[in-house]
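Below is the file my_file_20.txt, which contains compact mmCIF, C-alpha atoms and all ligand atoms.
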```
# COMPACT_ATOMS: atom_id res chain seq x y z
CA MET T 1 120.12 95.10 100.06
CA ALA T 2 119.36 93.27 96.86
CA ILE T 3 117.97 93.94 93.41
CA LEU T 4 114.84 91.86 92.84
CA ASP T 5 113.55 90.52 89.50
CA ILE T 6 110.48 92.36 88.18
CA LEU T 7 107.69 90.25 86.64
CA HIS T 8 106.43 91.31 83.21
CA PHE T 9 102.87 91.33 81.83
CA PRO T 10 101.23 88.88 81.02
CA ASP T 11 102.82 86.87 83.86
CA PRO T 12 99.84 85.38 85.77
CA ARG T 13 101.60 86.07 89.10
CA LEU T 14 100.87 89.79 88.52
CA ARG T 15 97.19 88.85 88.98
CA ASN T 16 97.69 87.57 92.54
CA ARG T 17 95.86 89.56 95.19
CA ALA T 18 98.35 90.56 97.88
CA LYS T 19 97.68 89.76 101.56
CA PRO T 20 97.80 92.40 104.29
CA VAL T 21 100.99 92.60 106.35
CA SER T 22 100.09 91.40 109.85
CA GLU T 23 103.20 92.77 111.56
CA VAL T 24 105.81 95.26 110.35
CA ASP T 25 108.83 93.19 111.30
CA ALA T 26 112.45 92.86 110.11
CA ARG T 27 111.36 90.70 107.18
CA VAL T 28 108.99 93.41 105.92
CA ARG T 29 111.64 96.13 106.42
CA LYS T 30 114.15 94.05 104.42
CA LEU T 31 111.56 93.61 101.65
CA ALA T 32 110.92 97.39 101.59
CA ASP T 33 114.69 98.08 101.45
CA ASP T 34 115.15 95.66 98.55
CA MET T 35 112.11 97.13 96.77
CA LEU T 36 113.48 100.68 97.11
CA GLU T 37 116.83 99.59 95.70
CA THR T 38 115.07 97.77 92.84
CA MET T 39 112.81 100.77 92.14
CA TYR T 40 115.72 103.27 92.07
CA LYS T 41 117.81 101.03 89.84
CA ALA T 42 114.98 100.34 87.34
CA PRO T 43 114.41 103.38 87.45
CA GLY T 44 110.78 103.84 88.45
CA ILE T 45 108.71 106.14 90.67
CA GLY T 46 106.87 103.28 92.34
CA LEU T 47 106.95 99.55 92.95
CA ALA T 48 104.48 97.10 94.46
CA ALA T 49 105.62 93.87 96.15
CA VAL T 50 103.42 91.85 93.74
CA GLN T 51 105.74 93.00 90.91
CA VAL T 52 108.68 91.25 92.57
CA ASN T 53 106.56 88.14 93.24
CA VAL T 54 105.90 88.82 96.92
CA PRO T 55 102.13 88.70 97.53
CA LEU T 56 102.12 91.20 100.43
CA ARG T 57 100.54 94.68 100.59
CA VAL T 58 103.77 96.67 100.48
CA VAL T 59 104.48 99.60 98.15
CA THR T 60 107.47 101.90 97.62
CA ILE T 61 107.18 105.31 95.95
CA ASP T 62 109.53 108.21 95.23
CA ILE T 63 108.30 110.90 92.84
CA SER T 64 111.01 113.45 93.79
CA GLU T 65 113.43 114.73 91.10
CA GLU T 66 116.39 114.09 93.39
CA ARG T 67 115.23 110.54 94.19
CA ASP T 68 115.74 111.21 97.88
CA GLN T 69 112.17 111.10 99.26
CA PRO T 70 111.32 107.41 99.65
CA LEU T 71 107.81 106.58 100.79
CA VAL T 72 106.99 103.09 102.04
CA LEU T 73 103.30 102.26 102.36
CA ILE T 74 102.19 99.10 104.12
CA ASN T 75 98.55 97.99 103.78
CA PRO T 76 97.67 101.23 101.92
CA GLU T 77 94.00 102.14 101.49
CA ILE T 78 92.29 104.95 99.65
CA LEU T 79 89.82 106.80 101.88
CA GLU T 80 88.53 109.41 99.42
CA ARG T 81 88.88 110.14 95.72
CA ASP T 82 87.99 113.38 93.97
CA GLY T 83 88.08 114.72 90.42
CA VAL T 84 89.32 113.06 87.25
CA GLU T 85 92.61 113.50 85.44
CA GLU T 86 94.09 111.77 82.44
CA MET T 87 97.80 111.03 82.68
CA SER T 88 100.22 109.05 80.56
CA GLU T 89 101.27 106.01 82.59
CA GLY T 90 104.03 103.48 82.34
CA CYS T 91 104.77 100.40 84.43
CA LEU T 92 107.94 98.49 85.19
CA SER T 93 105.92 95.31 84.55
CA VAL T 94 104.85 96.59 81.10
CA PRO T 95 108.21 97.89 79.84
CA GLY T 96 108.31 100.41 77.01
CA ILE T 97 104.54 101.02 76.91
CA TYR T 98 103.01 104.40 77.80
CA GLU T 99 99.28 105.05 77.57
CA LYS T 100 96.83 107.59 78.94
CA VAL T 101 94.71 106.48 81.90
CA LYS T 102 91.95 108.39 83.73
CA ARG T 103 92.11 108.35 87.52
CA ALA T 104 91.08 110.48 90.47
CA ASN T 105 93.36 113.53 90.69
CA HIS T 106 92.94 114.07 94.41
CA ILE T 107 92.93 111.30 96.99
CA ARG T 108 93.17 110.80 100.71
CA PHE T 109 94.89 107.58 101.75
CA ARG T 110 96.11 105.78 104.82
CA ALA T 111 98.78 103.17 105.38
CA LEU T 112 101.28 101.95 107.95
CA ASP T 113 104.83 103.27 107.81
CA LEU T 114 108.04 101.28 108.34
CA GLU T 115 107.62 101.60 112.10
CA GLY T 116 104.13 100.13 111.88
CA GLN T 117 102.62 103.54 112.69
CA PRO T 118 99.48 104.64 110.85
CA LEU T 119 99.85 107.58 108.47
CA GLU T 120 97.10 109.48 106.69
CA GLN T 121 97.89 111.80 103.81
CA GLU T 122 96.36 113.69 100.91
CA ALA T 123 97.85 113.53 97.44
CA GLU T 124 97.21 115.05 94.04
CA GLY T 125 98.71 114.89 90.58
CA LEU T 126 101.51 112.41 90.01
CA LEU T 127 101.61 111.16 93.62
CA ALA T 128 97.85 110.52 93.57
CA VAL T 129 98.17 108.63 90.28
CA CYS T 130 101.13 106.63 91.57
CA VAL T 131 99.39 105.59 94.83
CA GLN T 132 96.35 104.42 92.81
CA HIS T 133 98.58 102.57 90.30
CA GLU T 134 100.43 100.77 93.13
CA ILE T 135 97.29 99.82 95.08
CA ASP T 136 95.89 98.40 91.81
CA HIS T 137 98.97 96.11 91.64
CA LEU T 138 98.16 94.84 95.15
CA ASP T 139 94.72 93.88 93.82
CA GLY T 140 96.16 92.13 90.76
CA LYS T 141 95.26 95.00 88.44
CA LEU T 142 97.47 96.64 85.79
CA PHE T 143 97.13 99.96 83.95
CA VAL T 144 96.62 98.04 80.69
CA ASP T 145 93.30 96.81 82.16
CA TYR T 146 91.95 100.35 81.61
CA LEU T 147 92.74 100.19 77.86
CA SER T 148 90.65 98.56 75.13
CA SER T 149 91.02 94.78 74.84
CA LEU T 150 92.49 95.32 71.35
CA LYS T 151 95.24 97.58 72.72
CA ARG T 152 95.88 95.21 75.63
CA GLN T 153 96.17 92.26 73.24
CA ARG T 154 98.66 94.13 71.07
CA ILE T 155 100.74 94.98 74.13
CA ARG T 156 100.60 91.36 75.34
CA LYS T 157 101.79 90.06 71.96
CA LYS T 158 104.64 92.59 71.83
CA LEU T 159 105.88 91.70 75.32
CA GLU T 160 105.50 87.94 74.70
CA LYS T 161 107.62 88.31 71.58
CA GLU T 162 110.27 90.27 73.49
CA ALA T 163 110.32 87.62 76.24
CA ARG T 164 110.72 84.85 73.63
CA GLN T 165 113.58 86.69 71.97
CA GLN T 166 115.36 87.10 75.28
CA ALA T 167 114.92 83.41 76.14
CA GLU T 168 116.02 82.06 72.76
CA PRO T 169 119.65 81.54 71.85
CA ALA T 170 120.74 83.81 69.00
CA PRO T 171 120.18 82.14 65.59
CA ALA T 172 123.16 80.38 64.02
CA GLY T 173 125.33 82.77 62.03
CA THR T 174 124.61 85.77 64.26
CA ALA T 175 127.77 87.81 64.67
CA ILE T 176 129.39 87.67 68.15
O1 LIG L 201 107.85 104.27 87.10
C1 LIG L 201 106.63 104.37 86.96
N1 LIG L 201 106.12 105.49 86.38
C2 LIG L 201 104.78 105.82 86.36
C3 LIG L 201 104.38 106.86 85.53
C4 LIG L 201 103.06 107.22 85.47
C5 LIG L 201 102.13 106.58 86.25
C6 LIG L 201 102.50 105.53 87.07
C7 LIG L 201 103.83 105.16 87.14
S1 LIG L 201 104.32 103.87 88.20
C8 LIG L 201 105.73 103.28 87.38
C9 LIG L 201 106.45 102.24 88.21
C10 LIG L 201 105.56 101.03 88.39
O2 LIG L 201 105.36 100.21 87.55
N2 LIG L 201 104.95 100.92 89.53
O3 LIG L 201 104.12 99.89 89.74
NI NI L 202 103.34 99.40 87.78
```
Kindly transcribe the structure held in the file into structure tokens.
Ligand code: GNR
Ligand code: NI
Amino acid sequence: MAILDILHFPDPRLRNRAKPVSEVDARVRKLADDMLETMYKAPGIGLAAVQVNVPLRVVTIDISEERDQPLVLINPEILERDGVEEMSEGCLSVPGIYEKVKRANHIRFRALDLEGQPLEQEAEGLLAVCVQHEIDHLDGKLFVDYLSSLKRQRIRKKLEKEARQQAEPAPAGTAI
């Protein structure tokens, strides 16, 4: 297993549309394993392969308190959406930012599991929000896209500044 680097907004690679997985093989299972490890370490409740710069339709999710109910969704698709709910969302690719987003509160979705078998499931509440958030990533979409352009611009500037500060050497005279 390995911890993968997570891309941060406004990295243009987060806008790549992910390609469907054609075969659930050892390479895809290794990717899912590494994504789960990366998601648990972050820590986050979900991760899309696009966030670790792999343009494939693979998602990991675990919304359980105990962090012991991993869900791997390959080529996930939403079949039905119902109702509207506003929830505060965060994203590992938009660190430190939490904003309310409206999404369907009840969905039906399908995907392939790690054995390549089709699964079909209903979800509501946090799981429904998380599945929608992750599928958005596979389509190059981020939760900040639902905010006003002013808010999104402020968030972009804040994260660009943080990225610059991490890249720069500390100014001369800085202790230690
Ligand atoms: O860890 C995460 N928390 C979260 C909270 C509310 C709505 C969506 C999420 S997903 C996020 C992890 C992430 O960035 N997944 O892409
Ligand atoms: Ni996210």
Distance filter 10 Å around ligand NI 202 (chain L), atoms: all atoms listed in the file, out as a PDB file with C-alpha atoms, in the frame of the given file:
```pdb
ATOM      1  CA  HIS T   8     106.430  91.310  83.210  1.00  0.00           C
ATOM      2  CA  LEU T  14     100.870  89.790  88.520  1.00  0.00           C
ATOM      3  CA  GLY T  44     110.780 103.840  88.450  1.00  0.00           C
ATOM      4  CA  ILE T  45     108.710 106.140  90.670  1.00  0.00           C
ATOM      5  CA  GLY T  46     106.870 103.280  92.340  1.00  0.00           C
ATOM      6  CA  LEU T  47     106.950  99.550  92.950  1.00  0.00           C
ATOM      7  CA  ALA T  48     104.480  97.100  94.460  1.00  0.00           C
ATOM      8  CA  VAL T  50     103.420  91.850  93.740  1.00  0.00           C
ATOM      9  CA  GLN T  51     105.740  93.000  90.910  1.00  0.00           C
ATOM     10  CA  GLU T  89     101.270 106.010  82.590  1.00  0.00           C
ATOM     11  CA  GLY T  90     104.030 103.480  82.340  1.00  0.00           C
ATOM     12  CA  CYS T  91     104.770 100.400  84.430  1.00  0.00           C
ATOM     13  CA  LEU T  92     107.940  98.490  85.190  1.00  0.00           C
ATOM     14  CA  SER T  93     105.920  95.310  84.550  1.00  0.00           C
ATOM     15  CA  VAL T  94     104.850  96.590  81.100  1.00  0.00           C
ATOM     16  CA  PRO T  95     108.210  97.890  79.840  1.00  0.00           C
ATOM     17  CA  CYS T 130     101.130 106.630  91.570  1.00  0.00           C
ATOM     18  CA  GLN T 132      96.350 104.420  92.810  1.00  0.00           C
ATOM     19  CA  HIS T 133      98.580 102.570  90.300  1.00  0.00           C
ATOM     20  CA  GLU T 134     100.430 100.770  93.130  1.00  0.00           C
ATOM     21  CA  ILE T 135      97.290  99.820  95.080  1.00  0.00           C
ATOM     22  CA  ASP T 136      95.890  98.400  91.810  1.00  0.00           C
ATOM     23  CA  HIS T 137      98.970  96.110  91.640  1.00  0.00           C
ATOM     24  CA  LYS T 141      95.260  95.000  88.440  1.00  0.00           C
ATOM     25  CA  LEU T 142      97.470  96.640  85.790  1.00  0.00           C
ATOM     26  CA  PHE T 143      97.130  99.960  83.950  1.00  0.00           C
ATOM     27  CA  VAL T 144      96.620  98.040  80.690  1.00  0.00           C
TER      28      VAL T 144
END
```
| said: I need the residue nearest T:Met35 from this list: T:Leu127, T:Ile74, T:Met1, T:Leu159. Use all atoms listed in the file for the distance. | reply: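 Checking each of T:Leu127, T:Ile74, T:Met1, T:Leu159 against T:Met35, counting all atoms listed in the file, the winner is T:Met1.
Every protein or nucleic acid residue with an atom no more than 9 Å from T:Ala111, counting all atoms listed in the file and leaving out same-chain residues fewer than 5 positions away, appears here: Val72, Leu73, Ile74, Asn75, Pro76, Glu77, Ile78, Gly116, Gln117, Pro118, Leu119, Glu120 and Gln121 of chain T.
Using all atoms listed in the file, the smallest distance between any of T:Glu115, T:Gln153, T:Ala170, T:Glu66 and T:Ala26 comes from T:Glu115.
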| request: Just the residues within 7 Å of T:Ala49, please, counting all atoms listed in the file, with nothing from its chain fewer than 6 positions along; format it as a PyMOL selection string. | output: chain T and resi 55-59
Quick one: axis-aligned box around all listed atoms of ligand LIG 201 (chain L), 5 Å on every side, centre and edge lengths in Å to one decimal, written as lines of an AutoDock Vina configuration file.
```
center_x = 105.0
center_y = 103.6
center_z = 87.6
size_x = 15.7
size_y = 17.3
size_z = 14.3
```
| said: To one decimal place in Å, what is the distance between atom C6 of ligand LIG 201 (chain L) and atom CA of T:Val129? | reply: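 Pair atom C6 of ligand LIG 201 (chain L) / atom CA of T:Val129 returns 6.2 Å.
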| said: Considering all atoms listed in the file, can you say which of T:Glu122, T:Glu162, T:Asp139, T:Glu86 comes closest to T:Pro10? | reply: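 Under the stated criterion, the closest residue is T:Glu162.
As for atom CA of T:Ala104 and atom CA of T:Arg81, they are spaced 5.7 Å apart.
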